[in-house]
file query_1.txt (compact mmCIF, N, CA and C atoms)
# COMPACT_ATOMS: atom_id res chain seq x y z
N MET A 1 -20.59 9.62 3.04
CA MET A 1 -21.62 10.22 3.84
C MET A 1 -22.22 11.41 3.11
N ALA A 2 -21.35 12.19 2.47
CA ALA A 2 -21.83 13.35 1.72
C ALA A 2 -22.74 12.90 0.58
N ALA A 3 -22.37 11.80 -0.07
CA ALA A 3 -23.20 11.28 -1.17
C ALA A 3 -24.56 10.85 -0.65
N ALA A 4 -24.60 10.24 0.53
CA ALA A 4 -25.87 9.81 1.11
C ALA A 4 -26.75 11.01 1.44
N VAL A 5 -26.16 12.08 2.00
CA VAL A 5 -26.92 13.28 2.33
C VAL A 5 -27.44 13.94 1.06
N LEU A 6 -26.59 14.05 0.04
CA LEU A 6 -27.04 14.63 -1.23
C LEU A 6 -28.17 13.82 -1.85
N ALA A 7 -28.04 12.51 -1.81
CA ALA A 7 -29.10 11.67 -2.36
C ALA A 7 -30.40 11.86 -1.58
N LEU A 8 -30.32 11.96 -0.27
CA LEU A 8 -31.51 12.15 0.56
C LEU A 8 -32.17 13.49 0.29
N VAL A 9 -31.38 14.53 0.14
CA VAL A 9 -31.91 15.87 -0.15
C VAL A 9 -32.63 15.87 -1.49
N ASN A 10 -32.12 15.11 -2.44
CA ASN A 10 -32.73 15.04 -3.77
C ASN A 10 -33.86 14.03 -3.86
N GLY A 11 -34.26 13.45 -2.71
CA GLY A 11 -35.37 12.51 -2.70
C GLY A 11 -34.99 11.11 -3.14
N SER A 12 -33.74 10.79 -3.11
CA SER A 12 -33.26 9.47 -3.52
C SER A 12 -32.54 8.82 -2.34
N SER A 13 -31.81 7.77 -2.60
CA SER A 13 -31.00 7.14 -1.56
C SER A 13 -29.84 6.40 -2.22
N ILE A 14 -28.95 5.89 -1.39
CA ILE A 14 -27.84 5.09 -1.92
C ILE A 14 -28.09 3.61 -1.61
N LYS A 15 -29.35 3.27 -1.43
CA LYS A 15 -29.70 1.88 -1.12
C LYS A 15 -29.23 0.92 -2.21
N TRP A 16 -29.24 1.37 -3.45
CA TRP A 16 -28.80 0.52 -4.56
C TRP A 16 -27.35 0.07 -4.39
N LEU A 17 -26.56 0.87 -3.63
CA LEU A 17 -25.17 0.54 -3.42
C LEU A 17 -24.99 -0.60 -2.42
N ALA A 18 -25.95 -0.78 -1.53
CA ALA A 18 -25.85 -1.80 -0.48
C ALA A 18 -26.27 -3.16 -1.03
N VAL A 19 -25.43 -3.73 -1.84
CA VAL A 19 -25.72 -5.04 -2.43
C VAL A 19 -25.46 -6.12 -1.38
N THR A 20 -26.41 -7.03 -1.27
CA THR A 20 -26.28 -8.13 -0.31
C THR A 20 -26.25 -9.44 -1.08
N PRO A 21 -25.13 -10.15 -1.02
CA PRO A 21 -25.05 -11.43 -1.73
C PRO A 21 -26.03 -12.44 -1.13
N GLN A 22 -26.65 -13.20 -1.99
CA GLN A 22 -27.57 -14.24 -1.53
C GLN A 22 -26.81 -15.55 -1.41
N LYS A 23 -27.40 -16.48 -0.70
CA LYS A 23 -26.77 -17.80 -0.58
C LYS A 23 -26.74 -18.47 -1.94
N TRP A 24 -25.70 -19.20 -2.17
CA TRP A 24 -25.56 -19.93 -3.43
C TRP A 24 -24.99 -21.30 -3.14
N SER A 25 -25.31 -22.23 -4.02
CA SER A 25 -24.84 -23.59 -3.82
C SER A 25 -24.08 -24.12 -5.03
N SER A 26 -24.02 -23.33 -6.08
CA SER A 26 -23.26 -23.75 -7.26
C SER A 26 -22.56 -22.52 -7.85
N PRO A 27 -21.47 -22.76 -8.57
CA PRO A 27 -20.77 -21.64 -9.20
C PRO A 27 -21.65 -20.89 -10.21
N ASP A 28 -22.60 -21.60 -10.82
CA ASP A 28 -23.50 -20.94 -11.77
C ASP A 28 -24.37 -19.89 -11.07
N GLN A 29 -24.86 -20.23 -9.87
CA GLN A 29 -25.67 -19.27 -9.12
C GLN A 29 -24.84 -18.06 -8.71
N LEU A 30 -23.61 -18.32 -8.30
CA LEU A 30 -22.72 -17.23 -7.93
C LEU A 30 -22.45 -16.33 -9.13
N GLY A 31 -22.15 -16.92 -10.26
CA GLY A 31 -21.90 -16.15 -11.48
C GLY A 31 -23.10 -15.33 -11.89
N GLN A 32 -24.28 -15.89 -11.74
CA GLN A 32 -25.51 -15.17 -12.08
C GLN A 32 -25.68 -13.95 -11.15
N GLN A 33 -25.41 -14.14 -9.87
CA GLN A 33 -25.51 -13.02 -8.92
C GLN A 33 -24.53 -11.90 -9.29
N PHE A 34 -23.31 -12.29 -9.63
CA PHE A 34 -22.32 -11.29 -10.00
C PHE A 34 -22.70 -10.58 -11.30
N SER A 35 -23.22 -11.29 -12.26
CA SER A 35 -23.58 -10.65 -13.52
C SER A 35 -24.77 -9.70 -13.36
N VAL A 36 -25.72 -10.06 -12.51
CA VAL A 36 -26.89 -9.21 -12.28
C VAL A 36 -26.49 -7.94 -11.52
N ASN A 37 -25.59 -8.07 -10.56
CA ASN A 37 -25.22 -6.95 -9.70
C ASN A 37 -23.81 -6.41 -9.96
N ALA A 38 -23.26 -6.65 -11.13
CA ALA A 38 -21.88 -6.26 -11.42
C ALA A 38 -21.65 -4.76 -11.21
N GLY A 39 -22.55 -3.94 -11.69
CA GLY A 39 -22.41 -2.49 -11.52
C GLY A 39 -22.41 -2.07 -10.06
N ARG A 40 -23.26 -2.71 -9.28
CA ARG A 40 -23.34 -2.38 -7.85
C ARG A 40 -22.07 -2.81 -7.12
N TYR A 41 -21.56 -4.02 -7.45
CA TYR A 41 -20.31 -4.47 -6.83
C TYR A 41 -19.15 -3.55 -7.22
N LEU A 42 -19.10 -3.15 -8.47
CA LEU A 42 -18.04 -2.26 -8.93
C LEU A 42 -18.13 -0.90 -8.23
N ALA A 43 -19.33 -0.35 -8.11
CA ALA A 43 -19.51 0.93 -7.42
C ALA A 43 -19.11 0.82 -5.95
N LEU A 44 -19.45 -0.28 -5.32
CA LEU A 44 -19.08 -0.49 -3.92
C LEU A 44 -17.56 -0.61 -3.77
N PHE A 45 -16.93 -1.32 -4.71
CA PHE A 45 -15.48 -1.46 -4.70
C PHE A 45 -14.80 -0.09 -4.84
N VAL A 46 -15.28 0.72 -5.79
CA VAL A 46 -14.71 2.05 -6.01
C VAL A 46 -14.90 2.92 -4.76
N LEU A 47 -16.07 2.83 -4.13
CA LEU A 47 -16.32 3.58 -2.91
C LEU A 47 -15.32 3.22 -1.81
N TRP A 48 -15.13 1.91 -1.56
CA TRP A 48 -14.23 1.48 -0.49
C TRP A 48 -12.78 1.81 -0.80
N ILE A 49 -12.37 1.67 -2.05
CA ILE A 49 -11.01 2.02 -2.44
C ILE A 49 -10.78 3.51 -2.25
N SER A 50 -11.77 4.32 -2.61
CA SER A 50 -11.64 5.77 -2.44
C SER A 50 -11.54 6.15 -0.97
N LEU A 51 -12.40 5.58 -0.15
CA LEU A 51 -12.36 5.86 1.28
C LEU A 51 -11.05 5.41 1.90
N PHE A 52 -10.56 4.25 1.48
CA PHE A 52 -9.28 3.75 1.97
C PHE A 52 -8.15 4.69 1.58
N GLY A 53 -8.16 5.13 0.33
CA GLY A 53 -7.12 6.05 -0.15
C GLY A 53 -7.15 7.38 0.59
N LEU A 54 -8.34 7.92 0.81
CA LEU A 54 -8.46 9.19 1.54
C LEU A 54 -7.99 9.04 2.99
N SER A 55 -8.38 7.95 3.63
CA SER A 55 -8.00 7.78 5.04
C SER A 55 -6.50 7.53 5.19
N THR A 56 -5.90 6.75 4.30
CA THR A 56 -4.46 6.54 4.39
C THR A 56 -3.70 7.82 4.08
N ARG A 57 -4.21 8.61 3.15
CA ARG A 57 -3.58 9.90 2.82
C ARG A 57 -3.65 10.83 4.03
N ALA A 58 -4.78 10.82 4.74
CA ALA A 58 -4.92 11.66 5.94
C ALA A 58 -3.93 11.24 7.02
N LEU A 59 -3.57 9.96 7.03
CA LEU A 59 -2.59 9.46 8.00
C LEU A 59 -1.15 9.63 7.52
N GLY A 60 -1.00 10.13 6.28
CA GLY A 60 0.34 10.33 5.74
C GLY A 60 0.94 9.09 5.11
N ILE A 61 0.11 8.12 4.77
CA ILE A 61 0.57 6.86 4.18
C ILE A 61 0.08 6.81 2.73
N ARG A 62 0.96 6.44 1.83
CA ARG A 62 0.54 6.27 0.43
C ARG A 62 -0.19 4.94 0.30
N ALA A 63 -1.41 4.99 -0.19
CA ALA A 63 -2.21 3.77 -0.30
C ALA A 63 -1.56 2.74 -1.22
N LEU A 64 -0.78 3.18 -2.19
CA LEU A 64 -0.16 2.24 -3.12
C LEU A 64 0.99 1.47 -2.51
N GLN A 65 1.30 1.73 -1.23
CA GLN A 65 2.31 0.92 -0.55
C GLN A 65 1.75 -0.45 -0.19
N PHE A 66 0.43 -0.61 -0.29
CA PHE A 66 -0.20 -1.88 0.03
C PHE A 66 -0.25 -2.73 -1.24
N PRO A 67 0.48 -3.85 -1.28
CA PRO A 67 0.55 -4.66 -2.50
C PRO A 67 -0.81 -5.13 -3.01
N ALA A 68 -1.72 -5.48 -2.11
CA ALA A 68 -3.04 -5.96 -2.55
C ALA A 68 -3.80 -4.85 -3.27
N LEU A 69 -3.68 -3.64 -2.80
CA LEU A 69 -4.35 -2.52 -3.45
C LEU A 69 -3.71 -2.23 -4.79
N ARG A 70 -2.38 -2.25 -4.83
CA ARG A 70 -1.67 -1.99 -6.07
C ARG A 70 -2.05 -3.00 -7.15
N ALA A 71 -2.23 -4.27 -6.75
CA ALA A 71 -2.58 -5.31 -7.71
C ALA A 71 -4.00 -5.17 -8.22
N SER A 72 -4.89 -4.54 -7.43
CA SER A 72 -6.28 -4.44 -7.84
C SER A 72 -6.57 -3.24 -8.71
N LEU A 73 -5.64 -2.31 -8.81
CA LEU A 73 -5.85 -1.11 -9.61
C LEU A 73 -5.27 -1.28 -11.00
N PRO A 74 -5.78 -0.50 -11.96
CA PRO A 74 -5.24 -0.59 -13.31
C PRO A 74 -3.76 -0.24 -13.32
N ALA A 75 -3.04 -0.87 -14.22
CA ALA A 75 -1.60 -0.63 -14.30
C ALA A 75 -1.33 0.79 -14.76
N ARG A 76 -0.32 1.39 -14.17
CA ARG A 76 0.11 2.72 -14.60
C ARG A 76 1.63 2.69 -14.65
N SER A 77 2.19 3.70 -15.24
CA SER A 77 3.65 3.67 -15.36
C SER A 77 4.29 3.68 -13.99
N ALA A 78 5.13 2.73 -13.78
CA ALA A 78 5.79 2.58 -12.49
C ALA A 78 6.99 3.51 -12.41
N ALA A 79 7.34 3.85 -11.20
CA ALA A 79 8.53 4.68 -11.00
C ALA A 79 9.74 3.87 -11.42
N PRO A 80 10.71 4.52 -12.01
CA PRO A 80 11.91 3.77 -12.38
C PRO A 80 12.55 3.14 -11.16
N GLN A 81 13.20 2.01 -11.38
CA GLN A 81 13.80 1.27 -10.28
C GLN A 81 14.73 2.16 -9.47
N ALA A 82 15.42 3.07 -10.11
CA ALA A 82 16.38 3.93 -9.42
C ALA A 82 15.68 4.93 -8.49
N ALA A 83 14.39 5.22 -8.71
CA ALA A 83 13.68 6.22 -7.90
C ALA A 83 12.90 5.59 -6.76
N ARG A 84 13.12 4.35 -6.48
CA ARG A 84 12.41 3.68 -5.39
C ARG A 84 13.14 3.89 -4.07
N CYS A 85 12.41 3.70 -2.97
CA CYS A 85 12.97 3.96 -1.64
C CYS A 85 14.26 3.20 -1.37
N GLY A 86 14.38 2.00 -1.90
CA GLY A 86 15.59 1.22 -1.68
C GLY A 86 16.85 1.89 -2.19
N ALA A 87 16.71 2.82 -3.16
CA ALA A 87 17.86 3.53 -3.70
C ALA A 87 17.98 4.95 -3.15
N CYS A 88 17.15 5.29 -2.17
CA CYS A 88 17.15 6.64 -1.58
C CYS A 88 18.19 6.73 -0.47
N ARG A 89 18.79 7.90 -0.32
CA ARG A 89 19.81 8.05 0.72
C ARG A 89 19.21 8.07 2.12
N ALA A 90 17.89 8.29 2.25
CA ALA A 90 17.24 8.30 3.56
C ALA A 90 16.78 6.91 3.99
N PHE A 91 16.98 5.91 3.15
CA PHE A 91 16.51 4.56 3.41
C PHE A 91 17.66 3.71 3.94
N CYS A 92 17.41 3.02 5.04
CA CYS A 92 18.44 2.14 5.61
C CYS A 92 17.82 0.78 5.92
N ASN A 93 18.38 -0.26 5.35
CA ASN A 93 17.86 -1.61 5.62
C ASN A 93 18.89 -2.49 6.32
N ASP A 94 19.81 -1.87 7.02
CA ASP A 94 20.79 -2.62 7.81
C ASP A 94 20.07 -3.26 9.01
N PRO A 95 20.17 -4.58 9.18
CA PRO A 95 19.46 -5.26 10.27
C PRO A 95 19.75 -4.70 11.65
N LEU A 96 21.01 -4.36 11.93
CA LEU A 96 21.35 -3.81 13.25
C LEU A 96 20.69 -2.45 13.47
N TYR A 97 20.64 -1.63 12.41
CA TYR A 97 19.99 -0.32 12.50
C TYR A 97 18.49 -0.49 12.76
N ILE A 98 17.88 -1.45 12.07
CA ILE A 98 16.44 -1.69 12.27
C ILE A 98 16.18 -2.13 13.70
N GLU A 99 17.03 -2.99 14.25
CA GLU A 99 16.86 -3.42 15.63
C GLU A 99 17.03 -2.26 16.62
N ARG A 100 17.96 -1.37 16.34
CA ARG A 100 18.15 -0.21 17.23
C ARG A 100 16.96 0.76 17.14
N GLN A 101 16.39 0.90 15.97
CA GLN A 101 15.27 1.82 15.78
C GLN A 101 13.93 1.24 16.21
N THR A 102 13.87 -0.07 16.43
CA THR A 102 12.64 -0.74 16.82
C THR A 102 12.87 -1.47 18.13
N PRO A 103 12.81 -0.74 19.26
CA PRO A 103 13.07 -1.38 20.55
C PRO A 103 12.10 -2.54 20.79
N GLY A 104 12.62 -3.63 21.28
CA GLY A 104 11.79 -4.79 21.58
C GLY A 104 11.65 -5.75 20.41
N LEU A 105 12.13 -5.38 19.23
CA LEU A 105 12.01 -6.27 18.07
C LEU A 105 12.72 -7.59 18.32
N HIS A 106 13.89 -7.55 18.93
CA HIS A 106 14.67 -8.78 19.13
C HIS A 106 14.01 -9.73 20.13
N VAL A 107 13.00 -9.25 20.88
CA VAL A 107 12.29 -10.13 21.81
C VAL A 107 11.48 -11.16 21.04
N MET A 108 10.82 -10.72 19.96
CA MET A 108 9.95 -11.63 19.20
C MET A 108 10.57 -12.07 17.88
N SER A 109 11.53 -11.32 17.39
CA SER A 109 12.10 -11.64 16.09
C SER A 109 13.50 -11.05 16.02
N SER A 110 13.87 -10.63 14.83
CA SER A 110 15.19 -10.06 14.63
C SER A 110 15.17 -9.22 13.37
N GLY A 111 16.06 -8.26 13.32
CA GLY A 111 16.21 -7.47 12.10
C GLY A 111 16.81 -8.29 10.98
N PHE A 112 17.33 -9.49 11.32
CA PHE A 112 17.91 -10.39 10.33
C PHE A 112 16.90 -11.38 9.76
N ALA A 113 15.63 -11.27 10.15
CA ALA A 113 14.60 -12.24 9.76
C ALA A 113 14.43 -12.30 8.25
N ALA A 114 14.19 -13.51 7.74
CA ALA A 114 14.02 -13.70 6.31
C ALA A 114 12.75 -13.03 5.79
N VAL A 115 11.72 -12.91 6.62
CA VAL A 115 10.46 -12.30 6.18
C VAL A 115 10.61 -10.80 5.95
N ARG A 116 11.66 -10.22 6.48
CA ARG A 116 11.89 -8.78 6.32
C ARG A 116 12.32 -8.46 4.89
N ALA A 117 12.89 -9.39 4.21
CA ALA A 117 13.41 -9.21 2.85
C ALA A 117 14.39 -8.04 2.85
N ASP A 118 14.16 -7.06 1.99
CA ASP A 118 15.03 -5.88 1.90
C ASP A 118 14.38 -4.64 2.49
N ASP A 119 13.29 -4.82 3.25
CA ASP A 119 12.60 -3.69 3.85
C ASP A 119 13.55 -2.92 4.75
N GLY A 120 13.23 -1.65 4.98
CA GLY A 120 14.08 -0.82 5.81
C GLY A 120 13.32 0.34 6.41
N ILE A 121 14.05 1.26 6.99
CA ILE A 121 13.45 2.41 7.65
C ILE A 121 13.83 3.68 6.89
N CYS A 122 12.83 4.50 6.64
CA CYS A 122 13.03 5.79 5.99
C CYS A 122 13.25 6.84 7.08
N SER A 123 14.38 7.51 7.05
CA SER A 123 14.65 8.52 8.08
C SER A 123 13.90 9.82 7.83
N VAL A 124 13.40 10.04 6.62
CA VAL A 124 12.61 11.23 6.33
C VAL A 124 11.22 11.11 6.95
N HIS A 125 10.59 9.95 6.75
CA HIS A 125 9.22 9.74 7.23
C HIS A 125 9.14 8.95 8.54
N SER A 126 10.28 8.45 9.00
CA SER A 126 10.32 7.62 10.22
C SER A 126 9.35 6.45 10.11
N ARG A 127 9.42 5.75 8.99
CA ARG A 127 8.53 4.61 8.74
C ARG A 127 9.33 3.41 8.26
N TYR A 128 8.79 2.24 8.58
CA TYR A 128 9.32 0.98 8.07
C TYR A 128 8.66 0.75 6.72
N LEU A 129 9.44 0.64 5.65
CA LEU A 129 8.91 0.57 4.30
C LEU A 129 9.54 -0.56 3.49
N PRO A 130 8.80 -1.05 2.49
CA PRO A 130 9.42 -1.99 1.56
C PRO A 130 10.38 -1.24 0.64
N THR A 131 11.37 -1.92 0.16
CA THR A 131 12.36 -1.29 -0.71
C THR A 131 11.76 -0.79 -2.02
N GLN A 132 10.61 -1.34 -2.43
CA GLN A 132 9.97 -0.95 -3.68
C GLN A 132 9.05 0.26 -3.55
N ALA A 133 8.85 0.78 -2.33
CA ALA A 133 7.98 1.94 -2.13
C ALA A 133 8.55 3.14 -2.88
N VAL A 134 7.69 4.10 -3.16
CA VAL A 134 8.11 5.33 -3.84
C VAL A 134 7.71 6.54 -3.00
N CYS A 135 8.41 7.64 -3.21
CA CYS A 135 8.17 8.84 -2.41
C CYS A 135 8.52 10.06 -3.25
N GLU A 136 7.77 11.13 -3.05
CA GLU A 136 8.05 12.36 -3.78
C GLU A 136 9.30 13.08 -3.25
N ARG A 137 9.81 12.66 -2.09
CA ARG A 137 11.00 13.28 -1.51
C ARG A 137 12.25 12.42 -1.74
N PHE A 138 12.24 11.62 -2.77
CA PHE A 138 13.37 10.74 -3.11
C PHE A 138 14.63 11.55 -3.38
N GLN A 139 15.74 11.10 -2.81
CA GLN A 139 17.06 11.67 -3.09
C GLN A 139 18.01 10.50 -3.33
N ALA A 140 18.58 10.47 -4.50
CA ALA A 140 19.43 9.35 -4.87
C ALA A 140 20.62 9.21 -3.93
N ARG A 141 20.92 7.98 -3.62
CA ARG A 141 22.10 7.67 -2.80
C ARG A 141 23.32 7.86 -3.68
N ILE A 142 24.31 8.54 -3.16
CA ILE A 142 25.53 8.78 -3.92
C ILE A 142 26.42 7.56 -3.80
N ALA A 143 26.77 7.00 -4.93
CA ALA A 143 27.63 5.82 -4.93
C ALA A 143 29.08 6.26 -4.77
N LEU A 144 29.74 5.68 -3.81
CA LEU A 144 31.15 5.98 -3.61
C LEU A 144 31.99 5.01 -4.42
N VAL A 145 32.91 5.56 -5.15
CA VAL A 145 33.81 4.72 -5.95
C VAL A 145 35.11 4.56 -5.19
N HIS A 146 35.45 3.33 -4.89
CA HIS A 146 36.69 3.05 -4.18
C HIS A 146 37.78 2.77 -5.19
N ARG A 147 38.83 3.53 -5.11
CA ARG A 147 39.95 3.32 -6.02
C ARG A 147 41.17 2.96 -5.21
N ARG A 148 41.92 2.07 -5.74
CA ARG A 148 43.18 1.70 -5.09
C ARG A 148 44.24 2.74 -5.40
N VAL A 149 44.94 3.11 -4.39
CA VAL A 149 46.05 4.04 -4.58
C VAL A 149 47.33 3.22 -4.55
N ARG A 150 48.13 3.35 -5.58
CA ARG A 150 49.36 2.57 -5.68
C ARG A 150 50.56 3.36 -5.32
call {"tool": "encode", "arguments": {"input": "query_1.txt", "output": "structure tokens"}}
result
Amino acid sequence: MAAAVLALVNGSSIKWLAVTPQKWSSPDQLGQQFSVNAGRYLALFVLWISLFGLSTRALGIRALQFPALRASLPARSAAPQAARCGACRAFCNDPLYIERQTPGLHVMSSGFAAVRADDGICSVHSRYLPTQAVCERFQARIALVHRRVR
């Protein structure tokens, strides 16, 4: 919105950003449309990704927790496997715990559901998260070593 106001004040507009795809009947026509308007499509994509990132950040959600968004962005160095939520001491993926923390879940499903995979609940953020999520408040889980006493 700020960009639109700035453009209007300067005697311009953001109309060039509002690309409207035309009807096509062959892949060649589609390819031609994309090649002619590639810059506009890219600018529109960057605008929507930025707005999505800002709005999720305002809600306290990391935008990179969304796999589709992560796949569409350029690769960057990933957090080490040990620094992911699944290895954090605040993360619990015990099915019974998830059912207790999510009242009514057992009515439609179960904490033991296969679609849940290794997802769990973060007690720091009070959110249901995938085990691969990352957080700046990560604290490594202390591994207990069990030794036999003879």
call {"tool": "residues_near_point", "arguments": {"input": "query_1.txt", "point": "(14.2, -4.8, 1.2)", "cutoff": "6.5 Å", "atoms": "all atoms listed in the file", "output": "ChimeraX atom specification"}}
result
/A:116-120,130-132
call {"tool": "atom_distance", "arguments": {"input": "query_1.txt", "atom1": "CA of Gln29 (chain A)", "atom2": "CA of Lys15 (chain A)"}}
result
23.0 Å
call {"tool": "atom_distance", "arguments": {"input": "query_1.txt", "atom1": "CA of Val5 (chain A)", "atom2": "atom N of Gly60 (chain A)"}}
result
26.4 Å
call {"tool": "atom_distance", "arguments": {"input": "query_1.txt", "atom1": "atom N of Glu136 (chain A)", "atom2": "atom C of Cys122 (chain A)"}}
result
12.3 Å
call {"tool": "residues_around", "arguments": {"input": "query_1.txt", "residues": "region 92-94 of chain A", "least_positions_apart": "2", "cutoff": "5 Å", "atoms": "only N, CA and C atoms", "output": "VMD selection string"}}
result
chain A and resid 90 96 to 98 119 to 121
call {"tool": "build_atoms", "arguments": {"input": "query_1.txt", "residues": "region 121-137 of chain A", "atoms": "N, CA, C and O atoms", "output": "short mmCIF file (atom, residue, chain, number, x, y, z; two decimals), in the coordinates of the input"}}
result
data_model
loop_
_atom_site.label_atom_id
_atom_site.label_comp_id
_atom_site.auth_asym_id
_atom_site.auth_seq_id
_atom_site.Cartn_x
_atom_site.Cartn_y
_atom_site.Cartn_z
N ILE A 121 14.05 1.26 6.99
CA ILE A 121 13.45 2.41 7.65
C ILE A 121 13.83 3.68 6.89
O ILE A 121 15.00 3.90 6.56
N CYS A 122 12.83 4.50 6.64
CA CYS A 122 13.03 5.79 5.99
C CYS A 122 13.25 6.84 7.08
O CYS A 122 12.38 7.03 7.93
N SER A 123 14.38 7.51 7.05
CA SER A 123 14.65 8.52 8.08
C SER A 123 13.90 9.82 7.83
O SER A 123 13.74 10.62 8.74
N VAL A 124 13.40 10.04 6.62
CA VAL A 124 12.61 11.23 6.33
C VAL A 124 11.22 11.11 6.95
O VAL A 124 10.72 12.01 7.60
N HIS A 125 10.59 9.95 6.75
CA HIS A 125 9.22 9.74 7.23
C HIS A 125 9.14 8.95 8.54
O HIS A 125 8.07 8.77 9.07
N SER A 126 10.28 8.45 9.00
CA SER A 126 10.32 7.62 10.22
C SER A 126 9.35 6.45 10.11
O SER A 126 8.55 6.20 11.01
N ARG A 127 9.42 5.75 8.99
CA ARG A 127 8.53 4.61 8.74
C ARG A 127 9.33 3.41 8.26
O ARG A 127 10.34 3.54 7.58
N TYR A 128 8.79 2.24 8.58
CA TYR A 128 9.32 0.98 8.07
C TYR A 128 8.66 0.75 6.72
O TYR A 128 7.44 0.72 6.62
N LEU A 129 9.44 0.64 5.65
CA LEU A 129 8.91 0.57 4.30
C LEU A 129 9.54 -0.56 3.49
O LEU A 129 10.68 -0.94 3.74
N PRO A 130 8.80 -1.05 2.49
CA PRO A 130 9.42 -1.99 1.56
C PRO A 130 10.38 -1.24 0.64
O PRO A 130 10.20 -0.05 0.37
N THR A 131 11.37 -1.92 0.16
CA THR A 131 12.36 -1.29 -0.71
C THR A 131 11.76 -0.79 -2.02
O THR A 131 12.29 0.11 -2.65
N GLN A 132 10.61 -1.34 -2.43
CA GLN A 132 9.97 -0.95 -3.68
C GLN A 132 9.05 0.26 -3.55
O GLN A 132 8.48 0.72 -4.53
N ALA A 133 8.85 0.78 -2.33
CA ALA A 133 7.98 1.94 -2.13
C ALA A 133 8.55 3.14 -2.88
O ALA A 133 9.74 3.18 -3.20
N VAL A 134 7.69 4.10 -3.16
CA VAL A 134 8.11 5.33 -3.84
C VAL A 134 7.71 6.54 -3.00
O VAL A 134 6.80 6.46 -2.19
N CYS A 135 8.41 7.64 -3.21
CA CYS A 135 8.17 8.84 -2.41
C CYS A 135 8.52 10.06 -3.25
O CYS A 135 9.47 10.04 -4.04
N GLU A 136 7.77 11.13 -3.05
CA GLU A 136 8.05 12.36 -3.78
C GLU A 136 9.30 13.08 -3.25
O GLU A 136 9.81 13.98 -3.88
N ARG A 137 9.81 12.66 -2.09
CA ARG A 137 11.00 13.28 -1.51
C ARG A 137 12.25 12.42 -1.74
O ARG A 137 13.22 12.53 -1.00
#
